[in-house]
>>> print(open('data.csv').read())   # CSV, C-alpha atoms and all ligand atoms
chain,number,residue,atom,x,y,z
T,18,MET,CA,-26.7,-9.5,16.8
T,19,ASN,CA,-29.2,-9.7,14.0
T,20,ALA,CA,-28.7,-11.7,10.7
T,21,ASP,CA,-27.4,-8.7,8.8
T,22,PHE,CA,-24.5,-8.0,11.1
T,23,LYS,CA,-21.2,-8.2,9.3
T,24,THR,CA,-17.8,-8.5,10.8
T,25,TYR,CA,-14.6,-7.5,9.1
T,26,CYS,CA,-11.0,-7.6,10.4
T,27,ILE,CA,-7.3,-7.1,9.7
T,28,ILE,CA,-4.7,-9.8,10.4
T,29,GLY,CA,-1.0,-9.1,10.7
T,30,ASP,CA,1.9,-8.9,13.1
T,31,PRO,CA,2.6,-6.3,14.4
T,32,ILE,CA,-0.9,-5.0,14.3
T,33,ASP,CA,-1.1,-2.5,17.2
T,34,HIS,CA,-0.2,0.4,14.8
T,35,SER,CA,-3.0,-0.4,12.3
T,36,LEU,CA,-5.3,2.5,11.5
T,37,SER,CA,-7.7,0.3,9.5
T,38,PRO,CA,-10.1,-0.4,12.3
T,39,ALA,CA,-10.5,3.3,13.0
T,40,ILE,CA,-10.9,4.2,9.3
T,41,HIS,CA,-13.5,1.4,8.5
T,42,ASN,CA,-15.5,1.8,11.8
T,43,ALA,CA,-15.8,5.5,11.1
T,44,ALA,CA,-17.2,4.7,7.7
T,45,PHE,CA,-19.6,2.1,9.1
T,46,ASN,CA,-20.8,4.5,11.8
T,47,THR,CA,-21.4,7.4,9.4
T,48,LEU,CA,-23.4,5.2,7.0
T,49,GLY,CA,-25.3,3.6,9.9
T,50,LEU,CA,-24.2,0.1,8.7
T,51,ASN,CA,-24.6,-2.9,11.0
T,52,CYS,CA,-20.9,-3.8,10.6
T,53,SER,CA,-17.8,-3.7,12.7
T,54,TYR,CA,-14.0,-4.1,12.0
T,55,ILE,CA,-11.4,-5.4,14.4
T,56,ALA,CA,-7.7,-6.2,14.4
T,57,PHE,CA,-6.2,-9.6,15.2
T,58,ARG,CA,-2.5,-10.2,15.8
T,59,VAL,CA,-1.7,-13.3,13.8
T,60,GLN,CA,1.9,-14.5,14.1
T,61,GLU,CA,3.8,-16.1,11.2
T,62,GLY,CA,3.0,-19.8,12.1
T,63,GLN,CA,-0.7,-19.1,12.9
T,64,LEU,CA,-1.9,-18.1,9.5
T,65,LYS,CA,-3.7,-21.3,8.4
T,66,ASN,CA,-5.4,-21.9,11.8
T,67,SER,CA,-6.5,-18.2,11.9
T,68,ILE,CA,-8.0,-18.3,8.4
T,69,ASP,CA,-9.7,-21.6,9.2
T,70,SER,CA,-11.2,-19.8,12.2
T,71,LEU,CA,-12.3,-16.9,10.1
T,72,ARG,CA,-14.1,-19.3,7.7
T,73,SER,CA,-15.8,-21.1,10.6
T,74,ILE,CA,-17.3,-17.8,11.9
T,75,ASN,CA,-18.2,-16.9,8.3
T,76,ILE,CA,-16.3,-13.5,8.4
T,77,ALA,CA,-17.6,-11.1,5.8
T,78,GLY,CA,-14.1,-10.0,4.7
T,79,PHE,CA,-10.7,-9.1,5.9
T,80,ASN,CA,-7.5,-7.1,5.2
T,81,VAL,CA,-4.1,-8.7,5.3
T,82,THR,CA,-0.9,-6.9,6.3
T,83,MET,CA,2.7,-7.8,6.9
T,84,PRO,CA,3.9,-10.6,7.1
T,85,HIS,CA,1.0,-12.5,5.5
T,86,LYS,CA,0.3,-10.7,2.2
T,87,VAL,CA,2.0,-13.4,0.1
T,88,LYS,CA,1.3,-16.6,2.2
T,89,VAL,CA,-2.4,-15.7,2.4
T,90,LEU,CA,-2.7,-16.8,-1.2
T,91,ASN,CA,-2.2,-20.5,-0.1
T,92,HIS,CA,-5.4,-20.3,2.0
T,93,VAL,CA,-7.9,-18.6,-0.3
T,94,ASP,CA,-10.2,-20.0,-3.0
T,95,ARG,CA,-9.7,-17.5,-5.7
T,96,CYS,CA,-7.3,-14.7,-6.7
T,97,ASP,CA,-8.1,-11.9,-9.1
T,98,LYS,CA,-5.8,-11.0,-12.0
T,99,THR,CA,-4.1,-8.2,-10.1
T,100,VAL,CA,-3.3,-10.5,-7.2
T,101,GLN,CA,-1.8,-13.0,-9.6
T,102,LEU,CA,0.4,-10.3,-11.1
T,103,VAL,CA,1.6,-8.8,-7.8
T,104,GLY,CA,1.9,-12.2,-6.1
T,105,ALA,CA,0.3,-10.7,-2.9
T,106,ALA,CA,-3.1,-9.7,-1.6
T,107,ASN,CA,-4.3,-7.3,1.1
T,108,THR,CA,-8.0,-7.8,0.9
T,109,VAL,CA,-10.2,-11.0,1.1
T,110,ASN,CA,-13.9,-11.0,0.4
T,111,ASN,CA,-16.2,-13.8,1.5
T,112,GLU,CA,-18.3,-14.5,-1.7
T,113,LYS,CA,-20.9,-17.2,-0.8
T,114,GLY,CA,-18.5,-19.0,1.4
T,115,LYS,CA,-15.5,-18.7,-1.0
T,116,PHE,CA,-12.6,-16.5,0.1
T,117,CYS,CA,-11.6,-14.3,-2.9
T,118,ALA,CA,-8.4,-12.3,-2.8
T,119,TYR,CA,-7.8,-8.8,-4.1
T,120,ASN,CA,-4.9,-6.3,-4.0
T,121,THR,CA,-6.2,-2.8,-3.3
T,122,ASP,CA,-2.7,-1.4,-2.8
T,123,VAL,CA,-2.5,-1.3,-6.6
T,124,PRO,CA,-5.4,1.2,-7.1
T,125,GLY,CA,-4.6,2.7,-3.7
T,126,PHE,CA,-1.2,3.7,-4.9
T,127,ILE,CA,-2.1,5.1,-8.3
T,128,ARG,CA,-5.2,7.2,-7.4
T,129,PRO,CA,-3.3,10.0,-5.6
T,130,LEU,CA,-1.1,10.5,-8.7
T,131,ARG,CA,-4.1,10.4,-11.1
T,132,LYS,CA,-6.0,12.9,-8.9
T,133,ARG,CA,-3.0,15.2,-9.4
T,134,LYS,CA,-3.2,14.5,-13.2
T,135,ILE,CA,0.5,13.5,-13.3
T,136,GLY,CA,1.8,13.1,-16.9
T,137,PHE,CA,3.7,9.8,-17.1
T,138,ASN,CA,4.9,10.2,-20.7
T,139,GLY,CA,8.7,9.9,-20.8
T,140,ILE,CA,9.3,10.0,-17.1
T,141,GLU,CA,12.1,8.4,-15.1
T,142,VAL,CA,10.8,6.7,-12.0
T,143,MET,CA,12.9,5.7,-9.0
T,144,ILE,CA,11.6,3.0,-6.6
T,145,LEU,CA,13.3,2.6,-3.2
T,146,GLY,CA,12.7,-0.9,-1.9
T,147,ALA,CA,11.7,-4.1,-3.6
T,148,GLY,CA,9.2,-5.9,-1.3
T,149,GLY,CA,5.5,-6.5,-1.6
T,150,ALA,CA,4.5,-2.9,-1.7
T,151,ALA,CA,7.0,-2.2,-4.5
T,152,ARG,CA,5.5,-5.0,-6.5
T,153,ALA,CA,2.0,-3.5,-6.1
T,154,VAL,CA,3.5,-0.1,-7.2
T,155,VAL,CA,5.1,-1.4,-10.4
T,156,VAL,CA,1.8,-3.2,-11.3
T,157,ALA,CA,0.0,0.1,-10.8
T,158,LEU,CA,2.5,2.0,-12.9
T,159,SER,CA,2.2,-0.5,-15.7
T,160,GLY,CA,-1.3,0.7,-16.2
T,161,GLU,CA,0.1,4.2,-17.2
T,162,LYS,CA,1.3,4.9,-20.7
T,163,GLY,CA,4.8,6.2,-21.7
T,164,ILE,CA,7.0,5.7,-18.6
T,165,ALA,CA,10.6,5.7,-19.9
T,166,ASN,CA,12.3,3.7,-17.2
T,167,ILE,CA,12.0,2.4,-13.6
T,168,ASN,CA,15.2,2.7,-11.5
T,169,ILE,CA,15.2,0.2,-8.6
T,170,PHE,CA,17.3,0.6,-5.5
T,171,ASN,CA,17.1,-2.0,-2.8
T,172,ARG,CA,19.4,-3.2,0.0
T,173,ASN,CA,19.0,-6.9,-1.1
T,174,THR,CA,20.0,-7.0,-4.7
T,175,ASP,CA,18.4,-10.4,-5.4
T,176,ARG,CA,15.1,-8.8,-4.6
T,177,SER,CA,16.0,-5.8,-6.9
T,178,THR,CA,16.5,-8.4,-9.7
T,179,ASP,CA,13.1,-10.1,-8.9
T,180,LEU,CA,11.4,-6.7,-9.1
T,181,ALA,CA,13.2,-5.7,-12.3
T,182,ASN,CA,12.1,-9.0,-13.8
T,183,LEU,CA,8.5,-8.2,-12.9
T,184,VAL,CA,8.8,-4.7,-14.4
T,185,LYS,CA,10.1,-6.2,-17.6
T,186,LYS,CA,7.3,-8.8,-17.7
T,187,LEU,CA,4.9,-5.9,-17.4
T,188,GLY,CA,6.4,-4.3,-20.5
T,189,LEU,CA,8.4,-1.5,-18.9
T,190,ASN,CA,12.1,-0.8,-18.8
T,191,ALA,CA,14.0,-1.4,-15.6
T,192,SER,CA,17.5,-0.5,-14.2
T,193,ILE,CA,19.0,-1.7,-11.0
T,194,ILE,CA,20.8,1.1,-9.1
T,195,SER,CA,23.9,0.7,-7.0
T,196,ASN,CA,24.5,2.5,-3.7
T,197,ASP,CA,27.1,4.7,-5.4
T,198,ASP,CA,24.6,6.0,-8.0
T,199,VAL,CA,21.5,6.4,-5.9
T,200,GLN,CA,21.8,10.1,-5.2
T,201,LYS,CA,22.7,11.0,-8.8
T,202,ILE,CA,19.9,8.9,-10.3
T,203,ALA,CA,17.5,10.4,-7.7
T,204,TYR,CA,18.2,13.9,-8.9
T,205,LYS,CA,17.4,12.8,-12.5
T,206,SER,CA,14.1,11.1,-11.5
T,207,ASP,CA,10.8,12.7,-12.1
T,208,LEU,CA,9.0,10.5,-9.6
T,209,ILE,CA,10.7,9.1,-6.5
T,210,ILE,CA,8.8,6.5,-4.6
T,211,ASN,CA,9.8,5.2,-1.2
T,212,THR,CA,8.3,1.7,-0.5
T,213,THR,CA,10.7,0.8,2.4
T,214,PRO,CA,9.5,1.2,6.0
T,215,LEU,CA,12.3,3.7,6.5
T,216,GLY,CA,10.8,6.8,8.0
T,217,MET,CA,8.3,5.0,10.3
T,218,SER,CA,10.8,5.4,13.2
T,219,ASN,CA,12.2,8.7,12.1
T,220,GLU,CA,15.2,7.1,10.3
T,221,LYS,CA,17.3,9.1,7.9
T,222,SER,CA,15.9,9.2,4.4
T,223,LEU,CA,17.7,7.2,1.7
T,224,ILE,CA,17.6,10.3,-0.5
T,225,LYS,CA,19.2,13.6,0.6
T,226,SER,CA,17.5,16.9,0.0
T,227,ALA,CA,20.3,18.0,-2.4
T,228,SER,CA,19.5,14.9,-4.5
T,229,ILE,CA,15.9,15.9,-5.2
T,230,SER,CA,15.1,18.3,-8.0
T,231,LYS,CA,12.4,21.0,-7.4
T,232,ASP,CA,10.7,19.6,-10.6
T,233,SER,CA,10.3,16.1,-9.1
T,234,ILE,CA,7.4,14.4,-7.4
T,235,VAL,CA,8.3,12.5,-4.2
T,236,TYR,CA,5.8,9.9,-3.0
T,237,ASP,CA,6.5,8.2,0.4
T,238,ILE,CA,4.1,5.3,1.0
T,239,VAL,CA,5.0,5.4,4.7
T,240,TYR,CA,2.0,7.0,6.4
T,241,MET,CA,3.1,7.5,10.0
T,242,PRO,CA,4.5,10.0,10.6
T,243,ILE,CA,2.8,12.0,7.8
T,244,ASN,CA,5.9,14.1,7.4
T,245,THR,CA,8.7,11.5,7.1
T,246,LYS,CA,12.3,12.6,6.7
T,247,LEU,CA,12.0,12.0,2.9
T,248,ILE,CA,8.9,14.2,2.7
T,249,GLU,CA,10.7,16.9,4.6
T,250,ASN,CA,13.7,16.6,2.3
T,251,ALA,CA,11.4,16.9,-0.7
T,252,LYS,CA,9.7,20.0,0.7
T,253,THR,CA,13.1,21.5,1.4
T,254,ALA,CA,14.1,20.9,-2.2
T,255,GLY,CA,10.8,22.5,-3.4
T,256,ALA,CA,9.5,19.3,-4.9
T,257,GLN,CA,5.8,18.2,-5.0
T,258,VAL,CA,5.0,15.6,-2.4
T,259,VAL,CA,2.4,12.7,-2.2
T,260,TYR,CA,1.7,11.4,1.3
T,261,GLY,CA,1.4,7.8,2.3
T,262,TYR,CA,-1.9,8.5,4.1
T,263,GLU,CA,-3.4,9.2,0.7
T,264,MET,CA,-2.6,5.7,-0.4
T,265,LEU,CA,-3.8,4.3,2.9
T,266,LEU,CA,-7.2,6.0,2.4
T,267,GLU,CA,-7.5,4.9,-1.2
T,268,GLN,CA,-6.7,1.3,-0.5
T,269,ALA,CA,-9.2,1.3,2.3
T,270,THR,CA,-11.8,2.9,0.0
T,271,ALA,CA,-11.2,0.2,-2.6
T,272,SER,CA,-11.5,-2.6,0.0
T,273,PHE,CA,-14.7,-1.1,1.3
T,274,LYS,CA,-16.2,-1.0,-2.2
T,275,ILE,CA,-15.3,-4.7,-2.8
T,276,TRP,CA,-16.9,-5.7,0.5
T,277,LEU,CA,-20.0,-3.5,0.5
T,278,LYS,CA,-20.5,-2.5,-3.1
T,279,MET,CA,-20.9,1.1,-2.2
T,280,ASP,CA,-18.7,4.2,-1.7
T,281,PRO,CA,-17.4,4.9,1.8
T,282,PRO,CA,-17.7,8.4,3.3
T,283,ILE,CA,-14.1,9.6,2.7
T,284,ASP,CA,-14.5,12.7,4.8
T,285,SER,CA,-15.3,10.6,7.9
T,286,MET,CA,-12.3,8.4,7.2
T,287,LYS,CA,-10.1,11.4,6.8
T,288,LYS,CA,-11.4,13.0,10.0
T,289,VAL,CA,-10.5,10.0,12.1
T,290,LEU,CA,-7.0,9.9,10.5
T,291,PHE,CA,-6.2,13.6,10.9
T,292,GLY,CA,-7.5,13.4,14.5
T,293,MET,CA,-4.6,11.1,15.2
T,294,PHE,CA,-1.9,12.7,13.1
T,295,GLY,CA,-2.8,16.4,12.9
T,296,GLU,CA,-3.6,18.0,9.6
T,297,PRO,CA,-0.8,17.7,7.0
T,298,THR,CA,1.0,20.9,6.1
T,301,LIG,N1,0.4,3.8,2.5
T,301,LIG,C1,-0.1,2.5,2.4
T,301,LIG,O1,-1.3,2.3,2.2
T,301,LIG,C2,0.8,1.4,2.4
T,301,LIG,C3,0.4,0.2,1.8
T,301,LIG,C4,1.3,-0.9,1.8
T,301,LIG,C5,2.5,-0.8,2.5
T,301,LIG,N2,2.8,0.4,3.1
T,301,LIG,C6,4.1,0.5,3.8
T,301,LIG,O2,5.2,0.1,2.9
T,301,LIG,C7,6.3,-0.4,3.7
T,301,LIG,C8,6.8,-1.6,3.0
T,301,LIG,O3,5.8,-2.7,3.0
T,301,LIG,P1,6.0,-4.0,2.3
T,301,LIG,O4,4.8,-4.8,2.4
T,301,LIG,O5,6.6,-3.8,0.9
T,301,LIG,O6,7.2,-4.7,3.2
T,301,LIG,P2,8.2,-5.8,2.7
T,301,LIG,O7,7.7,-6.7,1.7
T,301,LIG,O8,8.8,-6.4,4.0
T,301,LIG,O9,9.4,-5.0,1.9
T,301,LIG,C9,10.2,-4.0,2.6
T,301,LIG,C10,11.2,-3.4,1.7
T,301,LIG,O10,11.9,-2.4,2.4
T,301,LIG,C11,13.3,-2.7,2.5
T,301,LIG,N3,13.8,-2.4,3.8
T,301,LIG,C12,13.3,-2.8,5.0
T,301,LIG,N4,14.0,-2.3,6.0
T,301,LIG,C13,15.0,-1.6,5.4
T,301,LIG,C14,16.2,-0.8,5.9
T,301,LIG,N5,16.4,-0.7,7.3
T,301,LIG,N6,17.0,-0.2,5.1
T,301,LIG,C15,16.8,-0.3,3.7
T,301,LIG,N7,15.8,-1.0,3.2
T,301,LIG,C16,14.9,-1.6,4.0
T,301,LIG,C17,13.4,-4.2,2.2
T,301,LIG,O11,14.7,-4.4,1.7
T,301,LIG,P3,15.4,-5.9,1.7
T,301,LIG,O12,14.7,-6.6,0.5
T,301,LIG,O13,16.8,-5.6,1.5
T,301,LIG,O14,15.0,-6.6,3.0
T,301,LIG,C18,12.3,-4.4,1.2
T,301,LIG,O15,12.7,-4.1,0.0
T,301,LIG,C19,5.7,-0.6,5.1
T,301,LIG,O16,6.2,0.5,5.9
T,301,LIG,C20,4.2,-0.5,5.0
T,301,LIG,O17,3.6,0.0,6.1
T,301,LIG,C21,2.0,1.4,3.1
>>> encode(input="data.csv", output="structure tokens")
Amino acid sequence: MNADFKTYCIIGDPIDHSLSPAIHNAAFNTLGLNCSYIAFRVQEGQLKNSIDSLRSINIAGFNVTMPHKVKVLNHVDRCDKTVQLVGAANTVNNEKGKFCAYNTDVPGFIRPLRKRKIGFNGIEVMILGAGGAARAVVVALSGEKGIANINIFNRNTDRSTDLANLVKKLGLNASIISNDDVQKIAYKSDLIINTTPLGMSNEKSLIKSASISKDSIVYDIVYMPINTKLIENAKTAGAQVVYGYEMLLEQATASFKIWLKMDPPIDSMKKVLFGMFGEPT
């Protein structure tokens, strides 16, 4: 191993399903970089020891996934402004021995919408879920002008309240939706975003097809399977869809840029993803 060799990794639990090693190694190989990316299963109580170990081997950088996105902040040296707003990080960069935390879920979420040139002015948004990803989503949305209201639906209403408070702190309007109203509000929403893991194991979608307007945009951040039940319902309703794999690729791209200060080859990353999923239809 020569002096320029850099190692990156992802820590989380479970980690077997992670597509990040495939995506990043594809980019390193295409660019001929002397880098590699591996996945480590790090259980809940092992976070401190694991990060100490990553420091001792002078790891170049790492991604963080469930359940460590919040607690990792206790073990880094610096957090950028976005991390402070979200209260969670998914990317750490080793900057001259200091571990600096970033949240690339924020740009990763918004870029697929910007690429479609979505108009945000006056729109009603519905967010399903109120966990870490939902917090990144609302921080991302707060960078867009003119959103009329963010409707929040979550199983645990304390978490809905926490998310609504963040939305208000970010200068946007928020409403908490009850189970009785969720289908009705969904129909009136211009942008419906699923941030719950529902769909990963083929569960029923929280929103029925009949509750989706053909004029709406439905964004499911679950990326496996590509066509979740919610995406299928949206297609049946004739709505526009945004796939979770688009966010996955964008957040990986943003992490890659933080680590290596260069653009990754997106086509190589896509190729390795679609090889596993099959091309989306
Ligand atoms: N595409 C991407 O790049 C990307 C990036 C980040 C995350 N994600 C995906 O987003 C999902 C959420 O991640 P996270 O970090 O936000 O997780 P999290 O912090 O654990 O939050 C999960 C949220 O989903 C809700 N939820 C979980 N199971 C549910 C169920 N059976 N029924 C109804 N609600 C349920 C939880 O509700 P309670 O509060 O009631 O528990 C909570 O609001 C994961 O599937 C993750 O893979 C995708």
>>> closest_residue(input="data.csv", among="T:Glu141, T:Arg176, T:Phe273, T:Asn219", to="Ile234 (chain T)", atoms="all atoms listed in the file")
T:Glu141
>>> closest_residue(input="data.csv", among="T:Gly104, T:Gly163, T:Gly136, T:Pro281", to="ligand LIG 301 (chain T)", atoms="only C-alpha atoms and all ligand atoms")
T:Gly104
>>> closest_residue(input="data.csv", among="T:Val239, T:Met143, T:Val103, T:Ala153", to="Asp198 (chain T)", atoms="all atoms listed in the file")
T:Met143
>>> closest_residue(input="data.csv", among="T:Asp94, T:Glu249, T:Asp179, T:Glu161", to="ligand LIG 301 (chain T)", atoms="only C-alpha atoms and all ligand atoms")
T:Asp179
>>> atom_distance(input="data.csv", atom1="CA of Ser272 (chain T)", atom2="atom O13 of ligand LIG 301 (chain T)")
28.5 Å
>>> closest_residue(input="data.csv", among="T:Asp232, T:Asp175, T:Asp197, T:Asp280", to="ligand LIG 301 (chain T)", atoms="all atoms listed in the file")
T:Asp175
>>> closest_residue(input="data.csv", among="T:Pro84, T:Ser226, T:Pro242, T:Lys274", to="Ala256 (chain T)", atoms="all atoms listed in the file")
T:Ser226
>>> atom_distance(input="data.csv", atom1="CA of Ala151 (chain T)", atom2="CA of Tyr25 (chain T)")
26.1 Å
>>> closest_atom_pairs(input="data.csv", of="chain T", to="ligand LIG 301 (chain T)", cutoff="7 Å", atoms="all atoms listed in the file", output="Markdown table")
| residue | atom | partner | partner_atom | distance |
| --- | --- | --- | --- | --- |
| T:Met83 | CA | T:LIG301 | O4 | 5.8 |
| T:Asp122 | CA | T:LIG301 | C3 | 5.8 |
| T:Gly125 | CA | T:LIG301 | O1 | 6.8 |
| T:Gly146 | CA | T:LIG301 | O15 | 3.7 |
| T:Ala147 | CA | T:LIG301 | O15 | 3.7 |
| T:Gly148 | CA | T:LIG301 | O9 | 3.3 |
| T:Gly149 | CA | T:LIG301 | O5 | 3.8 |
| T:Ala150 | CA | T:LIG301 | O5 | 3.5 |
| T:Ala151 | CA | T:LIG301 | O5 | 5.6 |
| T:Asn171 | CA | T:LIG301 | O13 | 5.6 |
| T:Arg172 | CA | T:LIG301 | O13 | 3.8 |
| T:Asn173 | CA | T:LIG301 | O13 | 3.6 |
| T:Arg176 | CA | T:LIG301 | O12 | 5.6 |
| T:Thr212 | CA | T:LIG301 | O2 | 4.9 |
| T:Thr213 | CA | T:LIG301 | O10 | 3.4 |
| T:Pro214 | CA | T:LIG301 | O16 | 3.4 |
| T:Leu215 | CA | T:LIG301 | C14 | 6.0 |
| T:Met217 | CA | T:LIG301 | O16 | 6.6 |
| T:Ile238 | CA | T:LIG301 | N1 | 4.3 |
| T:Val239 | CA | T:LIG301 | C6 | 5.1 |
| T:Tyr240 | CA | T:LIG301 | N1 | 5.3 |
| T:Gly261 | CA | T:LIG301 | N1 | 4.1 |
| T:Tyr262 | CA | T:LIG301 | N1 | 5.5 |
| T:Glu263 | CA | T:LIG301 | N1 | 6.8 |
| T:Met264 | CA | T:LIG301 | O1 | 4.5 |
| T:Leu265 | CA | T:LIG301 | O1 | 3.3 |
| T:Leu266 | CA | T:LIG301 | O1 | 7.0 |
| T:Gln268 | CA | T:LIG301 | O1 | 6.1 |
>>> write_last_selection(input="data.csv", atoms="C-alpha atoms", output="CSV table (one decimal), in the frame of the given file")
chain,number,residue,atom,x,y,z
T,83,MET,CA,2.7,-7.8,6.9
T,122,ASP,CA,-2.7,-1.4,-2.8
T,125,GLY,CA,-4.6,2.7,-3.7
T,146,GLY,CA,12.7,-0.9,-1.9
T,147,ALA,CA,11.7,-4.1,-3.6
T,148,GLY,CA,9.2,-5.9,-1.3
T,149,GLY,CA,5.5,-6.5,-1.6
T,150,ALA,CA,4.5,-2.9,-1.7
T,151,ALA,CA,7.0,-2.2,-4.5
T,171,ASN,CA,17.1,-2.0,-2.8
T,172,ARG,CA,19.4,-3.2,0.0
T,173,ASN,CA,19.0,-6.9,-1.1
T,176,ARG,CA,15.1,-8.8,-4.6
T,212,THR,CA,8.3,1.7,-0.5
T,213,THR,CA,10.7,0.8,2.4
T,214,PRO,CA,9.5,1.2,6.0
T,215,LEU,CA,12.3,3.7,6.5
T,217,MET,CA,8.3,5.0,10.3
T,238,ILE,CA,4.1,5.3,1.0
T,239,VAL,CA,5.0,5.4,4.7
T,240,TYR,CA,2.0,7.0,6.4
T,261,GLY,CA,1.4,7.8,2.3
T,262,TYR,CA,-1.9,8.5,4.1
T,263,GLU,CA,-3.4,9.2,0.7
T,264,MET,CA,-2.6,5.7,-0.4
T,265,LEU,CA,-3.8,4.3,2.9
T,266,LEU,CA,-7.2,6.0,2.4
T,268,GLN,CA,-6.7,1.3,-0.5
>>> atom_distance(input="data.csv", atom1="CA of Ser233 (chain T)", atom2="CA of Asn182 (chain T)")
25.6 Å
>>> residues_around(input="data.csv", residues="Ala157 (chain T)", least_positions_apart="5", cutoff="9 Å", atoms="only C-alpha atoms", output="ChimeraX atom specification")
/T:122-127,152
>>> residues_near_point(input="data.csv", point="(-5.6, -18.6, 0.5)", cutoff="9 Å", atoms="all atoms listed in the file", output="ChimeraX atom specification")
/T:65,68,88-96,109,116-118
>>> residues_around(input="data.csv", residues="Trp276 (chain T)", least_positions_apart="5", cutoff="8 Å", atoms="only C-alpha atoms", output="list in words")
Ala77, Gly78 and Asn110 of chain T
>>> residues_near_point(input="data.csv", point="(13.7, 20.1, -8.9)", cutoff="10 Å", atoms="all atoms listed in the file", output="PDB file with C-alpha atoms, in the coordinates of the input")
ATOM      1  CA  TYR T 204      18.200  13.900  -8.900  1.00  0.00           C
ATOM      2  CA  LYS T 205      17.400  12.800 -12.500  1.00  0.00           C
ATOM      3  CA  SER T 206      14.100  11.100 -11.500  1.00  0.00           C
ATOM      4  CA  ASP T 207      10.800  12.700 -12.100  1.00  0.00           C
ATOM      5  CA  ALA T 227      20.300  18.000  -2.400  1.00  0.00           C
ATOM      6  CA  SER T 228      19.500  14.900  -4.500  1.00  0.00           C
ATOM      7  CA  ILE T 229      15.900  15.900  -5.200  1.00  0.00           C
ATOM      8  CA  SER T 230      15.100  18.300  -8.000  1.00  0.00           C
ATOM      9  CA  LYS T 231      12.400  21.000  -7.400  1.00  0.00           C
ATOM     10  CA  ASP T 232      10.700  19.600 -10.600  1.00  0.00           C
ATOM     11  CA  SER T 233      10.300  16.100  -9.100  1.00  0.00           C
ATOM     12  CA  ILE T 234       7.400  14.400  -7.400  1.00  0.00           C
ATOM     13  CA  ALA T 251      11.400  16.900  -0.700  1.00  0.00           C
ATOM     14  CA  ALA T 254      14.100  20.900  -2.200  1.00  0.00           C
ATOM     15  CA  GLY T 255      10.800  22.500  -3.400  1.00  0.00           C
ATOM     16  CA  ALA T 256       9.500  19.300  -4.900  1.00  0.00           C
ATOM     17  CA  GLN T 257       5.800  18.200  -5.000  1.00  0.00           C
TER      18      GLN T 257
END
>>> residues_around(input="data.csv", residues="Thr82 (chain T)", least_positions_apart="6", cutoff="12 Å", atoms="all atoms listed in the file", output="PyMOL selection string")
chain T and resi 26-37+56-61+64+88-89+105-109+120-122+149-150
>>> build_atoms(input="data.csv", residues="region 225-236 of chain T", atoms="N, CA and C atoms", output="mmCIF file, in the frame of the given file")
data_model
loop_
_atom_site.group_PDB
_atom_site.id
_atom_site.type_symbol
_atom_site.label_atom_id
_atom_site.label_comp_id
_atom_site.auth_asym_id
_atom_site.auth_seq_id
_atom_site.Cartn_x
_atom_site.Cartn_y
_atom_site.Cartn_z
ATOM 1 N N LYS T 225 18.950 12.303 -0.057
ATOM 2 C CA LYS T 225 19.200 13.600 0.600
ATOM 3 C C LYS T 225 18.416 14.706 -0.136
ATOM 4 N N SER T 226 18.219 15.777 0.571
ATOM 5 C CA SER T 226 17.500 16.900 0.000
ATOM 6 C C SER T 226 18.173 17.429 -1.273
ATOM 7 N N ALA T 227 19.514 17.481 -1.213
ATOM 8 C CA ALA T 227 20.300 18.000 -2.400
ATOM 9 C C ALA T 227 20.148 17.108 -3.592
ATOM 10 N N SER T 228 19.668 15.879 -3.396
ATOM 11 C CA SER T 228 19.500 14.900 -4.500
ATOM 12 C C SER T 228 18.116 14.914 -5.080
ATOM 13 N N ILE T 229 17.298 15.878 -4.657
ATOM 14 C CA ILE T 229 15.900 15.900 -5.200
ATOM 15 C C ILE T 229 15.760 17.223 -5.964
ATOM 16 N N SER T 230 15.295 17.085 -7.186
ATOM 17 C CA SER T 230 15.100 18.300 -8.000
ATOM 18 C C SER T 230 13.759 18.930 -7.627
ATOM 19 N N LYS T 231 13.683 20.245 -7.770
ATOM 20 C CA LYS T 231 12.400 21.000 -7.400
ATOM 21 C C LYS T 231 11.313 20.555 -8.427
ATOM 22 N N ASP T 232 11.706 19.986 -9.560
ATOM 23 C CA ASP T 232 10.700 19.600 -10.600
ATOM 24 C C ASP T 232 10.190 18.157 -10.348
ATOM 25 N N SER T 233 10.722 17.482 -9.333
ATOM 26 C CA SER T 233 10.300 16.100 -9.100
ATOM 27 C C SER T 233 9.083 15.979 -8.245
ATOM 28 N N ILE T 234 8.521 14.759 -8.274
ATOM 29 C CA ILE T 234 7.400 14.400 -7.400
ATOM 30 C C ILE T 234 7.970 13.334 -6.446
ATOM 31 N N VAL T 235 7.765 13.497 -5.148
ATOM 32 C CA VAL T 235 8.300 12.500 -4.200
ATOM 33 C C VAL T 235 7.068 11.922 -3.440
ATOM 34 N N TYR T 236 6.964 10.595 -3.531
ATOM 35 C CA TYR T 236 5.800 9.900 -3.000
ATOM 36 C C TYR T 236 6.365 8.912 -1.928
#
